[in-house]
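What follows is the content of target.cif (mmCIF, C-alpha atoms).
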```cif
data_entry
#
loop_
_atom_site.label_atom_id
_atom_site.label_comp_id
_atom_site.auth_asym_id
_atom_site.auth_seq_id
_atom_site.Cartn_x
_atom_site.Cartn_y
_atom_site.Cartn_z
CA MET A 1 -9.99 -14.85 9.06
CA ALA A 2 -11.82 -12.93 11.76
CA THR A 3 -14.82 -10.65 11.64
CA TYR A 4 -14.87 -7.25 13.30
CA ALA A 5 -17.05 -8.72 16.08
CA GLU A 6 -14.56 -11.54 16.67
CA LEU A 7 -11.62 -9.13 16.80
CA LYS A 8 -13.39 -6.95 19.36
CA GLN A 9 -14.26 -9.94 21.50
CA ASP A 10 -10.64 -11.14 21.44
CA VAL A 11 -9.50 -7.71 22.62
CA ILE A 12 -12.07 -7.70 25.43
CA ASP A 13 -11.09 -11.22 26.52
CA LEU A 14 -7.34 -10.54 26.52
CA ILE A 15 -7.42 -7.13 28.19
CA ASN A 16 -9.78 -8.74 30.75
CA ARG A 17 -11.16 -5.52 32.19
CA THR A 18 -14.76 -4.79 33.07
CA ASP A 19 -14.38 -1.22 31.80
CA CYS A 20 -13.36 -2.24 28.25
CA THR A 21 -16.61 -1.92 26.34
CA ASN A 22 -17.41 -3.24 22.88
CA ALA A 23 -17.24 0.32 21.51
CA LEU A 24 -13.82 0.92 23.04
CA ALA A 25 -12.54 -2.39 21.66
CA GLY A 26 -13.68 -1.27 18.22
CA THR A 27 -11.82 2.01 18.60
CA PHE A 28 -8.64 0.16 19.59
CA ILE A 29 -8.98 -2.17 16.58
CA ASN A 30 -9.31 0.77 14.20
CA GLN A 31 -6.29 2.48 15.77
CA ALA A 32 -4.31 -0.73 15.36
CA GLN A 33 -5.27 -0.93 11.69
CA ARG A 34 -3.93 2.57 11.07
CA LYS A 35 -0.71 1.68 12.90
CA ILE A 36 -0.19 -1.50 10.87
CA SER A 37 -1.04 0.24 7.58
CA ARG A 38 1.84 2.68 8.06
CA THR A 39 4.52 -0.02 7.85
CA LEU A 40 3.27 -3.46 6.85
CA ARG A 41 3.49 -4.29 3.15
CA VAL A 42 2.01 -7.62 2.11
CA PRO A 43 0.78 -8.90 -1.27
CA SER A 44 -2.86 -8.79 -0.20
CA LEU A 45 -2.57 -5.00 0.03
CA GLU A 46 -1.48 -4.68 -3.60
CA ASN A 47 -4.02 -3.11 -5.92
CA LYS A 48 -3.86 -2.35 -9.64
CA LEU A 49 -5.28 0.59 -11.53
CA ALA A 50 -5.37 0.12 -15.31
CA VAL A 51 -5.56 3.35 -17.31
CA THR A 52 -6.45 3.28 -21.01
CA VAL A 53 -5.64 6.53 -22.76
CA GLY A 54 -8.74 7.92 -24.47
CA THR A 55 -11.10 5.66 -22.51
CA THR A 56 -10.41 6.18 -18.81
CA SER A 57 -12.31 9.11 -17.30
CA ALA A 58 -10.63 12.49 -16.99
CA ALA A 59 -11.08 12.34 -13.22
CA THR A 60 -8.65 9.41 -13.16
CA TYR A 61 -6.36 10.28 -16.07
CA ASP A 62 -5.63 13.63 -17.73
CA ALA A 63 -4.74 12.64 -21.29
CA THR A 64 -3.53 16.14 -22.18
CA GLU A 65 -1.04 16.41 -19.33
CA GLY A 66 -0.30 12.69 -19.06
CA GLU A 67 -1.19 12.59 -15.35
CA ILE A 68 -2.78 9.82 -13.30
CA THR A 69 -4.71 10.93 -10.21
CA ILE A 70 -3.41 9.08 -7.15
CA PRO A 71 -6.16 6.69 -5.91
CA SER A 72 -7.84 7.57 -2.63
CA ASP A 73 -6.73 4.29 -1.00
CA PHE A 74 -3.08 4.75 -2.05
CA LEU A 75 -0.40 3.95 0.53
CA GLU A 76 2.79 3.38 -1.44
CA MET A 77 3.88 2.80 -5.03
CA VAL A 78 5.03 -0.62 -6.20
CA TYR A 79 5.57 0.17 -9.90
CA ILE A 80 4.00 1.53 -13.08
CA TYR A 81 4.29 -0.55 -16.23
CA THR A 82 3.08 -0.90 -19.80
CA ASP A 83 3.38 -3.73 -22.30
CA LYS A 84 6.88 -2.38 -23.05
CA GLY A 85 8.18 -2.61 -19.49
CA VAL A 86 8.40 -0.90 -16.10
CA LEU A 87 8.58 2.90 -15.98
CA GLN A 88 11.45 4.53 -14.13
CA ARG A 89 10.63 6.89 -11.28
CA THR A 90 12.67 10.10 -11.41
CA PRO A 91 13.01 13.14 -9.13
CA LEU A 92 10.87 16.09 -10.19
CA ARG A 93 13.90 18.19 -11.14
CA VAL A 94 15.16 15.45 -13.47
CA PHE A 95 11.66 14.80 -14.80
CA ILE A 96 11.24 18.44 -15.84
CA ASP A 97 14.64 18.42 -17.56
CA LEU A 98 13.56 15.42 -19.65
CA ASP A 99 11.60 17.82 -21.87
CA LYS A 100 14.91 18.59 -23.56
CA LYS A 101 15.76 14.94 -24.13
CA VAL A 102 12.61 12.98 -24.98
CA SER A 103 9.71 13.49 -27.36
CA ALA A 104 6.53 15.06 -26.00
CA THR A 105 4.38 12.02 -26.83
CA GLY A 106 5.07 8.37 -27.37
CA GLU A 107 5.90 5.30 -25.29
CA PRO A 108 6.05 6.39 -21.61
CA LYS A 109 9.32 5.55 -19.86
CA TYR A 110 9.47 7.85 -16.83
CA TYR A 111 7.18 9.12 -14.10
CA THR A 112 7.22 11.37 -11.06
CA ARG A 113 4.78 12.61 -8.46
CA ILE A 114 3.40 16.14 -8.74
CA GLN A 115 1.05 16.92 -5.83
CA ASN A 116 -1.72 14.29 -5.98
CA LYS A 117 -0.86 12.99 -9.45
CA PHE A 118 1.72 10.78 -11.15
CA ALA A 119 2.97 12.44 -14.34
CA LEU A 120 4.27 10.37 -17.27
CA LYS A 121 6.86 11.10 -19.98
CA PRO A 122 6.57 10.89 -22.87
CA ILE A 123 2.81 11.42 -22.71
CA PRO A 124 1.21 8.20 -24.02
CA THR A 125 -1.04 8.27 -27.06
CA THR A 126 -4.63 7.05 -27.42
CA GLY A 127 -5.15 3.36 -26.73
CA LYS A 128 -2.08 2.92 -24.55
CA VAL A 129 -2.68 0.99 -21.33
CA ILE A 130 -0.75 2.07 -18.23
CA ASN A 131 -0.88 -0.15 -15.16
CA LEU A 132 -0.31 1.34 -11.72
CA VAL A 133 0.40 -1.24 -9.01
CA TYR A 134 0.35 0.11 -5.48
CA TYR A 135 -0.16 -0.80 -1.85
CA SER A 136 -3.69 0.17 -0.84
CA ASP A 137 -5.22 1.07 2.50
CA PRO A 138 -7.46 -1.74 3.83
CA THR A 139 -11.15 -0.96 4.05
CA ASP A 140 -12.38 0.23 7.43
CA LEU A 141 -14.24 -2.17 9.72
CA SER A 142 -17.60 -0.91 10.94
CA ALA A 143 -20.28 -3.63 10.87
CA ASP A 144 -19.75 -6.65 13.11
CA SER A 145 -19.62 -8.97 10.08
CA ASP A 146 -16.98 -6.88 8.26
CA THR A 147 -13.59 -8.30 7.29
CA ASN A 148 -10.64 -6.81 5.42
CA SER A 149 -7.11 -7.73 4.33
CA PHE A 150 -5.65 -7.50 7.83
CA SER A 151 -8.45 -9.37 9.57
CA SER A 152 -7.98 -12.12 6.98
CA ILE A 153 -4.19 -12.59 7.06
CA CYS A 154 -3.15 -11.28 10.48
CA PRO A 155 -6.07 -11.03 12.91
CA ASP A 156 -3.71 -11.72 15.83
CA LEU A 157 -1.59 -8.72 14.85
CA MET A 158 -4.72 -6.57 14.77
CA VAL A 159 -5.72 -7.78 18.23
CA TYR A 160 -2.33 -7.24 19.85
CA GLY A 161 -2.01 -3.86 18.16
CA ALA A 162 -5.38 -2.97 19.68
CA LEU A 163 -4.18 -4.12 23.09
CA LEU A 164 -1.34 -1.60 22.92
CA TYR A 165 -3.82 1.22 22.48
CA ALA A 166 -6.02 -0.24 25.21
CA CYS A 167 -3.04 -0.15 27.60
CA ASP A 168 -2.43 3.49 26.72
CA TYR A 169 -6.09 4.31 27.31
CA PHE A 170 -6.34 2.49 30.63
CA ASN A 171 -2.77 3.20 31.76
CA ASP A 172 -2.35 -0.57 31.97
CA SER A 173 1.10 -1.87 32.97
CA ARG A 174 0.88 -4.92 30.70
CA LYS A 175 1.80 -2.97 27.57
CA PRO A 176 5.40 -4.34 27.37
CA VAL A 177 4.05 -7.91 27.41
CA PHE A 178 1.52 -7.21 24.66
CA GLU A 179 4.10 -5.26 22.67
CA ALA A 180 6.56 -8.15 22.74
CA THR A 181 3.88 -10.46 21.31
CA TYR A 182 2.91 -7.84 18.72
CA ASN A 183 6.53 -7.49 17.57
CA THR A 184 6.96 -11.28 17.34
CA ILE A 185 3.84 -11.69 15.19
CA TYR A 186 4.89 -8.75 13.01
CA ALA A 187 8.39 -10.17 12.45
CA GLU A 188 7.00 -13.61 11.59
CA LEU A 189 4.62 -12.10 9.06
CA VAL A 190 7.37 -10.03 7.41
CA ALA A 191 9.65 -13.09 7.25
CA LEU A 192 6.87 -15.11 5.61
CA VAL A 193 6.32 -12.42 2.96
CA GLU A 194 10.06 -12.18 2.26
CA ALA A 195 10.38 -15.96 1.97
CA THR A 196 7.43 -16.08 -0.43
CA ASP A 197 8.93 -13.32 -2.60
CA GLN A 198 12.31 -15.07 -2.70
CA ALA A 199 10.71 -18.38 -3.63
CA THR A 200 8.96 -16.84 -6.63
CA ALA A 201 11.84 -14.61 -7.79
CA ASP A 202 14.01 -15.41 -10.80
CA SER A 203 17.20 -17.20 -9.83
CA SER A 204 19.32 -14.91 -11.98
CA VAL A 205 20.00 -11.32 -11.05
CA GLN A 206 18.17 -8.87 -13.27
CA PRO A 207 19.20 -5.25 -13.84
CA SER A 208 17.04 -2.62 -12.17
CA TYR A 209 16.66 -0.61 -15.38
CA SER A 210 17.58 -0.84 -19.00
CA TYR A 211 19.19 2.32 -20.40
CA ASN A 212 19.02 2.66 -24.15
CA GLU A 213 19.94 6.31 -23.95
CA ASP A 214 21.90 8.26 -21.39
CA LEU A 215 18.95 10.54 -20.71
CA LEU A 216 19.44 11.13 -17.02
CA ASN A 217 22.95 12.61 -17.20
#
```

When written as structure tokens, how does the structure in this file appear?
Amino acid sequence: MATYAELKQDVIDLINRTDCTNALAGTFINQAQRKISRTLRVPSLENKLAVTVGTTSAATYDATEGEITIPSDFLEMVYIYTDKGVLQRTPLRVFIDLDKKVSATGEPKYYTRIQNKFALKPIPTTGKVINLVYYSDPTDLSADSDTNSFSSICPDLMVYGALLYACDYFNDSRKPVFEATYNTIYAELVALVEATDQATADSSVQPSYSYNEDLLN
């Protein structure tokens, strides 16, 4: 784990330039975080939003329309599930056509994205709990003592990502060297995540979905 101050100091030490200020190092760190957030998916980024129909605020869940407002820190969906299983994501065109094939309310089985919301079908009834698991954007670093998911699990990736932006800023010829190290760290991190997922997966192959009715044809 590294604090924001420690990350900035590492950038300053490695770029080894008298014109790289503490403020510039902070800017490069924040740029690196945005770069990493666009592609890296690790368990520490997973967040869960639990919606209880009839209890959760209307700003988060519209019980009439059956729509969950996408969280502000949302990066990418993992899955939506209830106590009955995982919901199937469908294209909007197919989702609209489901009105002819499923009841208006009941146990939700399908979802799609409509603008900044995830719509469910059938619309769940009062008391139903819907769990949205998603990859979230790490919190920004601002105070020197701040830490976040990336500074905890991959501070070296943050630093070498920042060095790439520093090379762009200073027109520094060492960018290929820093980029090679960045790519190595990134690949090692992805391999570790994949190995962890494989180690905890069921040994038998499970079907992606269970179709009780041929509703999508």

Best match for closeness to Thr52 in chain A among A:Tyr111, A:Tyr165, A:Thr125, A:Ile15, counting all atoms listed in the file: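 Checking each of A:Tyr111, A:Tyr165, A:Thr125, A:Ile15 against Thr52 in chain A, counting all atoms listed in the file, the winner is A:Thr125.
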
Hits from the PyMOL selection byres ((chain A and resi 41) around 10), listed as a ChimeraX atom specification: /A:36-40,42-46,75-76,135-136,189-190,193

Separation of CA of Asp140 in chain A from CA of Ala32 in chain A, in Å and rounded to one decimal: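 These two atoms are separated by 11.4 Å.
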
Answer key for the PyMOL selection byres ((chain A and resi 180-183) around 12), residues as a PyMOL selection string: chain A and resi 32+35-36+40+154-165+174-179+184-190

Residue neighbourhood Thr3 in chain A, 10 Å, all atoms listed in the file, exclusion window fewer than 4 positions, as an mmCIF file with C-alpha atoms, in the coordinates of the input:
```cif
data_model
loop_
_atom_site.group_PDB
_atom_site.id
_atom_site.type_symbol
_atom_site.label_atom_id
_atom_site.label_comp_id
_atom_site.auth_asym_id
_atom_site.auth_seq_id
_atom_site.Cartn_x
_atom_site.Cartn_y
_atom_site.Cartn_z
ATOM 1 C CA LEU A 7 -11.620 -9.130 16.800
ATOM 2 C CA LYS A 8 -13.390 -6.950 19.360
ATOM 3 C CA GLN A 9 -14.260 -9.940 21.500
ATOM 4 C CA LEU A 141 -14.240 -2.170 9.720
ATOM 5 C CA ALA A 143 -20.280 -3.630 10.870
ATOM 6 C CA ASP A 144 -19.750 -6.650 13.110
ATOM 7 C CA SER A 145 -19.620 -8.970 10.080
ATOM 8 C CA ASP A 146 -16.980 -6.880 8.260
ATOM 9 C CA THR A 147 -13.590 -8.300 7.290
ATOM 10 C CA ASN A 148 -10.640 -6.810 5.420
ATOM 11 C CA SER A 151 -8.450 -9.370 9.570
ATOM 12 C CA SER A 152 -7.980 -12.120 6.980
ATOM 13 C CA PRO A 155 -6.070 -11.030 12.910
#
```

Expansion of the PyMOL selection byres ((chain A and resi 84-90) around 6) into residues, as number ranges by chain: A: 80-83, 91, 95, 109-112

Output file for the residues above (C-alpha atoms, as a tab-separated table (two decimals), in the frame of the given file):
```
chain	number	residue	atom	x	y	z
A	80	ILE	CA	4.00	1.53	-13.08
A	81	TYR	CA	4.29	-0.55	-16.23
A	82	THR	CA	3.08	-0.90	-19.80
A	83	ASP	CA	3.38	-3.73	-22.30
A	91	PRO	CA	13.01	13.14	-9.13
A	95	PHE	CA	11.66	14.80	-14.80
A	109	LYS	CA	9.32	5.55	-19.86
A	110	TYR	CA	9.47	7.85	-16.83
A	111	TYR	CA	7.18	9.12	-14.10
A	112	THR	CA	7.22	11.37	-11.06
```

Atomic distance CA of Leu14 in chain A - CA of Leu192 in chain A, expressed in Å with one decimal: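 These atoms are spaced 25.7 Å apart.
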
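A straight line drawn from CA of Met77 in chain A to CA of Tyr134 in chain A is 4.5 Å long.
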
Option closest in space to Ala2 in chain A, from A:Val51, A:Arg113, A:Ile153, A:Thr139 [counting only C-alpha atoms]: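 Looking at the shortest contact to Ala2 in chain A, the residue is A:Ile153.
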
If you count all atoms listed in the file, which residues fall within 6 Å of range 57-70 of chain A, apart from same-chain ones fewer than 2 positions away, as a CSV table (one decimal) with C-alpha atoms, in the coordinates of the input?
```csv
chain,number,residue,atom,x,y,z
A,116,ASN,CA,-1.7,14.3,-6.0
A,117,LYS,CA,-0.9,13.0,-9.4
A,118,PHE,CA,1.7,10.8,-11.2
A,119,ALA,CA,3.0,12.4,-14.3
A,120,LEU,CA,4.3,10.4,-17.3
A,123,ILE,CA,2.8,11.4,-22.7
```

So for range 44-54 of chain A, what box centre and size do we get, axis-aligned, 6 Å extra on each of the six sides, every listed atom, Å to one decimal, as AutoDock Vina command-line options?
```
--center_x -5.1 --center_y -0.4 --center_z -12.2 --size_x 19.3 --size_y 28.7 --size_z 36.5
```

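Of the residues listed (A:Val94, A:Asp197, A:Ala50, A:Ala25), A:Ala25 shows the shortest atom-to-atom separation from Val11 in chain A; distances use all atoms listed in the file.
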
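Here the question is which of A:Ser142, A:Gln115, A:Thr21, A:Ser103 gets nearest to Tyr4 in chain A using all atoms listed in the file, and that residue is A:Ser142.
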
Residue among A:Gly54, A:Pro71, A:Gly26, A:Pro138 lying closest to Pro124 in chain A, counting only C-alpha atoms: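 Looking only at the distances to Pro124 in chain A, the closest residue turns out to be A:Gly54.
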
Nearest residue to Ile96 in chain A from the set A:Pro122, A:Glu194, A:Leu24, A:Arg34 (distances using all atoms listed in the file):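 Using all atoms listed in the file, Ile96 in chain A sits closest to A:Pro122.
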
N, CA and C atoms are needed for range 134-166 of chain A; please write them out as a short mmCIF file (atom, residue, chain, number, x, y, z; two decimals), in the coordinates of the input.
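What landed in result14.cif:
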```
data_model
loop_
_atom_site.label_atom_id
_atom_site.label_comp_id
_atom_site.auth_asym_id
_atom_site.auth_seq_id
_atom_site.Cartn_x
_atom_site.Cartn_y
_atom_site.Cartn_z
N TYR A 134 0.04 -0.62 -6.70
CA TYR A 134 0.35 0.11 -5.48
C TYR A 134 -0.19 -0.63 -4.26
N TYR A 135 0.37 -0.28 -3.10
CA TYR A 135 -0.16 -0.80 -1.85
C TYR A 135 -1.35 0.08 -1.45
N SER A 136 -2.47 -0.56 -1.14
CA SER A 136 -3.69 0.17 -0.84
C SER A 136 -4.04 0.06 0.64
N ASP A 137 -4.76 1.04 1.12
CA ASP A 137 -5.22 1.07 2.50
C ASP A 137 -6.39 0.10 2.66
N PRO A 138 -6.34 -0.82 3.64
CA PRO A 138 -7.46 -1.74 3.83
C PRO A 138 -8.75 -0.99 4.13
N THR A 139 -9.86 -1.57 3.75
CA THR A 139 -11.15 -0.96 4.05
C THR A 139 -11.38 -0.91 5.56
N ASP A 140 -12.09 0.10 6.01
CA ASP A 140 -12.38 0.23 7.43
C ASP A 140 -13.38 -0.84 7.87
N LEU A 141 -13.28 -1.23 9.12
CA LEU A 141 -14.24 -2.17 9.72
C LEU A 141 -15.29 -1.36 10.48
N SER A 142 -16.54 -1.63 10.23
CA SER A 142 -17.60 -0.91 10.94
C SER A 142 -18.72 -1.85 11.40
N ALA A 143 -19.26 -2.66 10.49
CA ALA A 143 -20.28 -3.63 10.87
C ALA A 143 -19.62 -4.85 11.50
N ASP A 144 -20.33 -5.50 12.41
CA ASP A 144 -19.75 -6.65 13.11
C ASP A 144 -19.30 -7.76 12.17
N SER A 145 -19.95 -7.89 11.02
CA SER A 145 -19.62 -8.97 10.08
C SER A 145 -18.49 -8.59 9.11
N ASP A 146 -18.00 -7.36 9.20
CA ASP A 146 -16.98 -6.88 8.26
C ASP A 146 -15.65 -7.62 8.44
N THR A 147 -14.97 -7.81 7.30
CA THR A 147 -13.59 -8.30 7.29
C THR A 147 -12.80 -7.44 6.31
N ASN A 148 -11.49 -7.48 6.41
CA ASN A 148 -10.64 -6.81 5.42
C ASN A 148 -9.34 -7.58 5.29
N SER A 149 -8.36 -7.02 4.58
CA SER A 149 -7.11 -7.73 4.33
C SER A 149 -6.42 -8.13 5.63
N PHE A 150 -6.36 -7.22 6.58
CA PHE A 150 -5.65 -7.50 7.83
C PHE A 150 -6.39 -8.52 8.69
N SER A 151 -7.70 -8.41 8.76
CA SER A 151 -8.45 -9.37 9.57
C SER A 151 -8.40 -10.77 8.96
N SER A 152 -8.07 -10.83 7.66
CA SER A 152 -7.98 -12.12 6.98
C SER A 152 -6.61 -12.77 7.16
N ILE A 153 -5.53 -11.99 7.04
CA ILE A 153 -4.19 -12.59 7.06
C ILE A 153 -3.48 -12.45 8.40
N CYS A 154 -3.86 -11.48 9.21
CA CYS A 154 -3.15 -11.28 10.48
C CYS A 154 -4.08 -10.76 11.57
N PRO A 155 -5.16 -11.49 11.87
CA PRO A 155 -6.07 -11.03 12.91
C PRO A 155 -5.39 -10.91 14.27
N ASP A 156 -4.42 -11.79 14.55
CA ASP A 156 -3.71 -11.72 15.83
C ASP A 156 -2.89 -10.44 15.94
N LEU A 157 -2.33 -9.98 14.83
CA LEU A 157 -1.59 -8.72 14.85
C LEU A 157 -2.54 -7.55 15.13
N MET A 158 -3.72 -7.60 14.51
CA MET A 158 -4.72 -6.57 14.77
C MET A 158 -5.10 -6.53 16.25
N VAL A 159 -5.30 -7.71 16.84
CA VAL A 159 -5.72 -7.78 18.23
C VAL A 159 -4.64 -7.25 19.16
N TYR A 160 -3.39 -7.69 18.95
CA TYR A 160 -2.33 -7.24 19.85
C TYR A 160 -1.97 -5.77 19.61
N GLY A 161 -2.16 -5.29 18.39
CA GLY A 161 -2.01 -3.86 18.16
C GLY A 161 -3.07 -3.08 18.92
N ALA A 162 -4.30 -3.61 18.94
CA ALA A 162 -5.38 -2.97 19.68
C ALA A 162 -5.10 -2.97 21.18
N LEU A 163 -4.50 -4.03 21.66
CA LEU A 163 -4.18 -4.12 23.09
C LEU A 163 -3.18 -3.05 23.51
N LEU A 164 -2.29 -2.68 22.61
CA LEU A 164 -1.34 -1.60 22.92
C LEU A 164 -2.07 -0.29 23.16
N TYR A 165 -3.05 -0.01 22.31
CA TYR A 165 -3.82 1.22 22.48
C TYR A 165 -4.72 1.14 23.70
N ALA A 166 -5.20 -0.06 24.01
CA ALA A 166 -6.02 -0.24 25.21
C ALA A 166 -5.18 0.04 26.46
#
```
